[in-house]
$ cat my_file.cif   # mmCIF, N, CA and C atoms
data_model
loop_
_atom_site.label_atom_id
_atom_site.label_comp_id
_atom_site.auth_asym_id
_atom_site.auth_seq_id
_atom_site.Cartn_x
_atom_site.Cartn_y
_atom_site.Cartn_z
N MET A 1 142.76 94.97 118.02
CA MET A 1 142.30 95.35 119.34
C MET A 1 140.94 96.03 119.27
N MET A 2 140.79 96.93 118.27
CA MET A 2 139.51 97.63 118.12
C MET A 2 138.40 96.67 117.71
N LEU A 3 138.75 95.68 116.89
CA LEU A 3 137.75 94.70 116.48
C LEU A 3 137.23 93.93 117.69
N LEU A 4 138.11 93.57 118.58
CA LEU A 4 137.70 92.88 119.80
C LEU A 4 136.77 93.77 120.63
N PHE A 5 137.08 95.04 120.70
CA PHE A 5 136.24 96.00 121.43
C PHE A 5 134.84 96.04 120.83
N PHE A 6 134.74 96.14 119.51
CA PHE A 6 133.43 96.19 118.86
C PHE A 6 132.68 94.86 118.98
N LEU A 7 133.41 93.74 118.95
CA LEU A 7 132.76 92.44 119.13
C LEU A 7 132.19 92.29 120.54
N VAL A 8 132.89 92.83 121.53
CA VAL A 8 132.37 92.79 122.91
C VAL A 8 131.11 93.64 123.02
N ILE A 9 131.12 94.81 122.41
CA ILE A 9 129.93 95.66 122.42
C ILE A 9 128.78 94.96 121.70
N ALA A 10 129.06 94.34 120.55
CA ALA A 10 128.02 93.63 119.80
C ALA A 10 127.48 92.47 120.62
N ALA A 11 128.35 91.73 121.29
CA ALA A 11 127.89 90.60 122.09
C ALA A 11 127.00 91.06 123.24
N SER A 12 127.33 92.18 123.84
CA SER A 12 126.47 92.69 124.92
C SER A 12 125.11 93.13 124.39
N CYS A 13 125.09 93.72 123.21
CA CYS A 13 123.80 94.09 122.60
C CYS A 13 122.98 92.87 122.24
N VAL A 14 123.65 91.81 121.78
CA VAL A 14 122.95 90.57 121.45
C VAL A 14 122.33 89.97 122.71
N VAL A 15 123.07 90.00 123.80
CA VAL A 15 122.56 89.46 125.07
C VAL A 15 121.31 90.23 125.51
N ILE A 16 121.27 91.51 125.24
CA ILE A 16 120.10 92.32 125.63
C ILE A 16 118.94 92.09 124.67
N ASP A 17 119.21 92.06 123.36
CA ASP A 17 118.14 92.02 122.36
C ASP A 17 117.54 90.64 122.14
N LEU A 18 118.34 89.61 122.17
CA LEU A 18 117.87 88.28 121.79
C LEU A 18 116.73 87.75 122.66
N PRO A 19 116.76 87.90 123.98
CA PRO A 19 115.61 87.43 124.76
C PRO A 19 114.31 88.14 124.40
N LEU A 20 114.39 89.42 124.06
CA LEU A 20 113.19 90.16 123.65
C LEU A 20 112.63 89.60 122.35
N LEU A 21 113.51 89.23 121.42
CA LEU A 21 113.05 88.67 120.15
C LEU A 21 112.49 87.26 120.33
N LYS A 22 113.04 86.51 121.24
CA LYS A 22 112.54 85.15 121.47
C LYS A 22 111.13 85.17 122.06
N GLN A 23 110.82 86.19 122.85
CA GLN A 23 109.50 86.28 123.45
C GLN A 23 108.42 86.49 122.41
N LYS A 24 108.74 87.24 121.37
CA LYS A 24 107.74 87.54 120.34
C LYS A 24 107.44 86.33 119.47
N GLY A 25 108.36 85.39 119.38
CA GLY A 25 108.12 84.15 118.65
C GLY A 25 108.00 84.30 117.14
N ARG A 26 108.72 85.22 116.57
CA ARG A 26 108.71 85.40 115.11
C ARG A 26 110.07 85.01 114.54
N PRO A 27 110.15 83.83 113.92
CA PRO A 27 111.45 83.40 113.40
C PRO A 27 111.98 84.29 112.28
N ARG A 28 111.09 84.86 111.47
CA ARG A 28 111.55 85.73 110.39
C ARG A 28 112.20 87.00 110.95
N ASP A 29 111.64 87.52 112.02
CA ASP A 29 112.24 88.71 112.64
C ASP A 29 113.64 88.40 113.15
N ARG A 30 113.81 87.24 113.75
CA ARG A 30 115.14 86.84 114.24
C ARG A 30 116.12 86.67 113.09
N LEU A 31 115.64 86.10 111.98
CA LEU A 31 116.51 85.91 110.82
C LEU A 31 116.99 87.26 110.27
N VAL A 32 116.09 88.19 110.12
CA VAL A 32 116.45 89.52 109.62
C VAL A 32 117.39 90.21 110.61
N TRP A 33 117.11 90.06 111.89
CA TRP A 33 117.94 90.65 112.94
C TRP A 33 119.37 90.10 112.85
N VAL A 34 119.50 88.78 112.68
CA VAL A 34 120.83 88.15 112.56
C VAL A 34 121.54 88.64 111.30
N LEU A 35 120.81 88.74 110.20
CA LEU A 35 121.44 89.22 108.95
C LEU A 35 121.96 90.64 109.09
N TYR A 36 121.18 91.50 109.73
CA TYR A 36 121.65 92.88 109.96
C TYR A 36 122.88 92.91 110.86
N TRP A 37 122.90 92.07 111.88
CA TRP A 37 124.07 92.02 112.75
C TRP A 37 125.30 91.54 111.97
N ILE A 38 125.13 90.52 111.15
CA ILE A 38 126.26 90.01 110.37
C ILE A 38 126.78 91.09 109.42
N LEU A 39 125.86 91.77 108.74
CA LEU A 39 126.28 92.83 107.82
C LEU A 39 126.95 93.98 108.58
N GLY A 40 126.44 94.32 109.74
CA GLY A 40 127.03 95.38 110.53
C GLY A 40 128.43 95.04 111.01
N ILE A 41 128.60 93.82 111.49
CA ILE A 41 129.93 93.41 111.97
C ILE A 41 130.90 93.32 110.79
N ALA A 42 130.42 92.86 109.64
CA ALA A 42 131.29 92.82 108.45
C ALA A 42 131.69 94.23 108.03
N ALA A 43 130.77 95.18 108.13
CA ALA A 43 131.10 96.57 107.79
C ALA A 43 132.14 97.14 108.75
N VAL A 44 132.00 96.85 110.03
CA VAL A 44 132.99 97.31 111.01
C VAL A 44 134.34 96.67 110.73
N TYR A 45 134.35 95.37 110.42
CA TYR A 45 135.60 94.68 110.11
C TYR A 45 136.29 95.31 108.90
N CYS A 46 135.53 95.56 107.84
CA CYS A 46 136.10 96.17 106.63
C CYS A 46 136.61 97.58 106.92
N SER A 47 135.89 98.30 107.73
CA SER A 47 136.30 99.66 108.07
C SER A 47 137.59 99.66 108.89
N LEU A 48 137.66 98.79 109.87
CA LEU A 48 138.86 98.75 110.73
C LEU A 48 140.08 98.26 109.98
N ASN A 49 139.90 97.35 109.04
CA ASN A 49 141.03 96.83 108.28
C ASN A 49 141.26 97.56 106.96
N LYS A 50 140.54 98.65 106.76
CA LYS A 50 140.68 99.51 105.59
C LYS A 50 140.55 98.71 104.28
N ILE A 51 139.54 97.85 104.24
CA ILE A 51 139.25 97.07 103.04
C ILE A 51 138.31 97.88 102.17
N LYS A 52 138.68 98.06 100.92
CA LYS A 52 137.85 98.82 99.99
C LYS A 52 136.64 97.98 99.59
N VAL A 53 135.46 98.52 99.81
CA VAL A 53 134.21 97.84 99.46
C VAL A 53 133.44 98.78 98.55
N PRO A 54 132.91 98.28 97.43
CA PRO A 54 132.14 99.16 96.55
C PRO A 54 130.88 99.67 97.25
N SER A 55 130.45 100.81 96.80
CA SER A 55 129.27 101.43 97.39
C SER A 55 128.01 100.60 97.12
N PRO A 56 127.13 100.45 98.11
CA PRO A 56 125.87 99.75 97.87
C PRO A 56 124.98 100.48 96.87
N LEU A 57 125.28 101.73 96.63
CA LEU A 57 124.52 102.49 95.65
C LEU A 57 124.64 101.89 94.25
N TYR A 58 125.78 101.26 93.97
CA TYR A 58 125.95 100.60 92.66
C TYR A 58 124.94 99.48 92.47
N LEU A 59 124.62 98.76 93.53
CA LEU A 59 123.62 97.70 93.44
C LEU A 59 122.24 98.29 93.16
N VAL A 60 121.92 99.39 93.82
CA VAL A 60 120.63 100.05 93.58
C VAL A 60 120.56 100.55 92.14
N MET A 61 121.65 101.12 91.65
CA MET A 61 121.68 101.60 90.27
C MET A 61 121.53 100.44 89.29
N PHE A 62 122.16 99.31 89.58
CA PHE A 62 122.09 98.13 88.72
C PHE A 62 120.66 97.60 88.64
N ILE A 63 119.95 97.66 89.76
CA ILE A 63 118.58 97.15 89.79
C ILE A 63 117.62 98.12 89.10
N TYR A 64 117.75 99.40 89.35
CA TYR A 64 116.76 100.36 88.87
C TYR A 64 117.03 100.94 87.50
N LYS A 65 118.22 100.74 86.96
CA LYS A 65 118.50 101.28 85.63
C LYS A 65 117.59 100.66 84.57
N PRO A 66 117.39 99.33 84.53
CA PRO A 66 116.45 98.77 83.54
C PRO A 66 115.01 99.24 83.77
N VAL A 67 114.61 99.39 85.02
CA VAL A 67 113.25 99.88 85.31
C VAL A 67 113.11 101.31 84.81
N ASN A 68 114.11 102.12 85.05
CA ASN A 68 114.08 103.50 84.59
C ASN A 68 114.02 103.55 83.06
N SER A 69 114.80 102.71 82.41
CA SER A 69 114.79 102.67 80.94
C SER A 69 113.42 102.25 80.41
N LEU A 70 112.80 101.30 81.09
CA LEU A 70 111.46 100.86 80.67
C LEU A 70 110.45 101.99 80.77
N PHE A 71 110.45 102.70 81.90
CA PHE A 71 109.51 103.82 82.05
C PHE A 71 109.83 104.94 81.08
N GLU A 72 111.09 105.16 80.81
CA GLU A 72 111.47 106.18 79.83
C GLU A 72 110.94 105.82 78.45
N MET A 73 111.05 104.53 78.11
CA MET A 73 110.58 104.06 76.81
C MET A 73 109.04 104.18 76.72
N LEU A 74 108.35 103.84 77.82
CA LEU A 74 106.88 103.86 77.80
C LEU A 74 106.29 105.26 77.83
N PHE A 75 106.89 106.16 78.58
CA PHE A 75 106.26 107.47 78.81
C PHE A 75 107.00 108.63 78.16
N HIS A 76 107.98 108.38 77.36
CA HIS A 76 108.71 109.50 76.74
C HIS A 76 108.07 109.93 75.48
#
$ encode --input "my_file.cif" --output "structure tokens"
Amino acid sequence: MMLLFFLVIAASCVVIDLPLLKQKGRPRDRLVWVLYWILGIAAVYCSLNKIKVPSPLYLVMFIYKPVNSLFEMLFH
């Protein structure tokens, strides 16, 4: 029931935002906008259904750990 409520709110926001994005004529902006909406709705779905999702911080740590090691090796 709550998921339906959030989907209705999301659909109303899409109805408001999409015409504004179409006027600007930037397809990349629309693509990023759609990706953020998909990620947001997926996050709400996981939250409502109590699905355990790993922290996005782990991805940041995975990316920057080799960079950090490289700088440590170069400047230590």
$ atom_distance --input "my_file.cif" --atom1 "CA of Pro56 (chain A)" --atom2 "CA of Leu39 (chain A)"
12.1 Å
$ closest_residue --input "my_file.cif" --among "A:Leu70, A:Ser55, A:Leu7, A:Met1" --to "Ile41 (chain A)" --atoms "all atoms listed in the file"
A:Leu7
$ closest_atom_pairs --input "my_file.cif" --of "region 26-48 of chain A" --to "region 14-21 of chain A" --cutoff "12 Å" --atoms "only C-alpha atoms" --output "CSV"
residue,atom,partner,partner_atom,distance
A:Arg26,CA,A:Leu21,CA,7.4
A:Pro27,CA,A:Leu21,CA,8.7
A:Arg28,CA,A:Leu21,CA,10.3
A:Asp29,CA,A:Leu21,CA,7.6
A:Arg30,CA,A:Leu21,CA,6.5
A:Leu31,CA,A:Leu21,CA,10.3
A:Val32,CA,A:Leu21,CA,11.1
A:Trp33,CA,A:Leu21,CA,8.9
A:Val34,CA,A:Val14,CA,9.5
A:Tyr36,CA,A:Val14,CA,11.8
A:Trp37,CA,A:Val14,CA,8.9
A:Ile38,CA,A:Val14,CA,11.6
$ select_by_dssp --input "my_file.cif" --residues "chain A" --states "helix (DSSP H, G or I)" --output "PyMOL selection string"
chain A and resi 2-24+27-48+57-75
$ atom_distance --input "my_file.cif" --atom1 "CA of Phe6 (chain A)" --atom2 "CA of Lys50 (chain A)"
15.5 Å
$ atom_distance --input "my_file.cif" --atom1 "CA of Tyr45 (chain A)" --atom2 "CA of Ile63 (chain A)"
26.6 Å
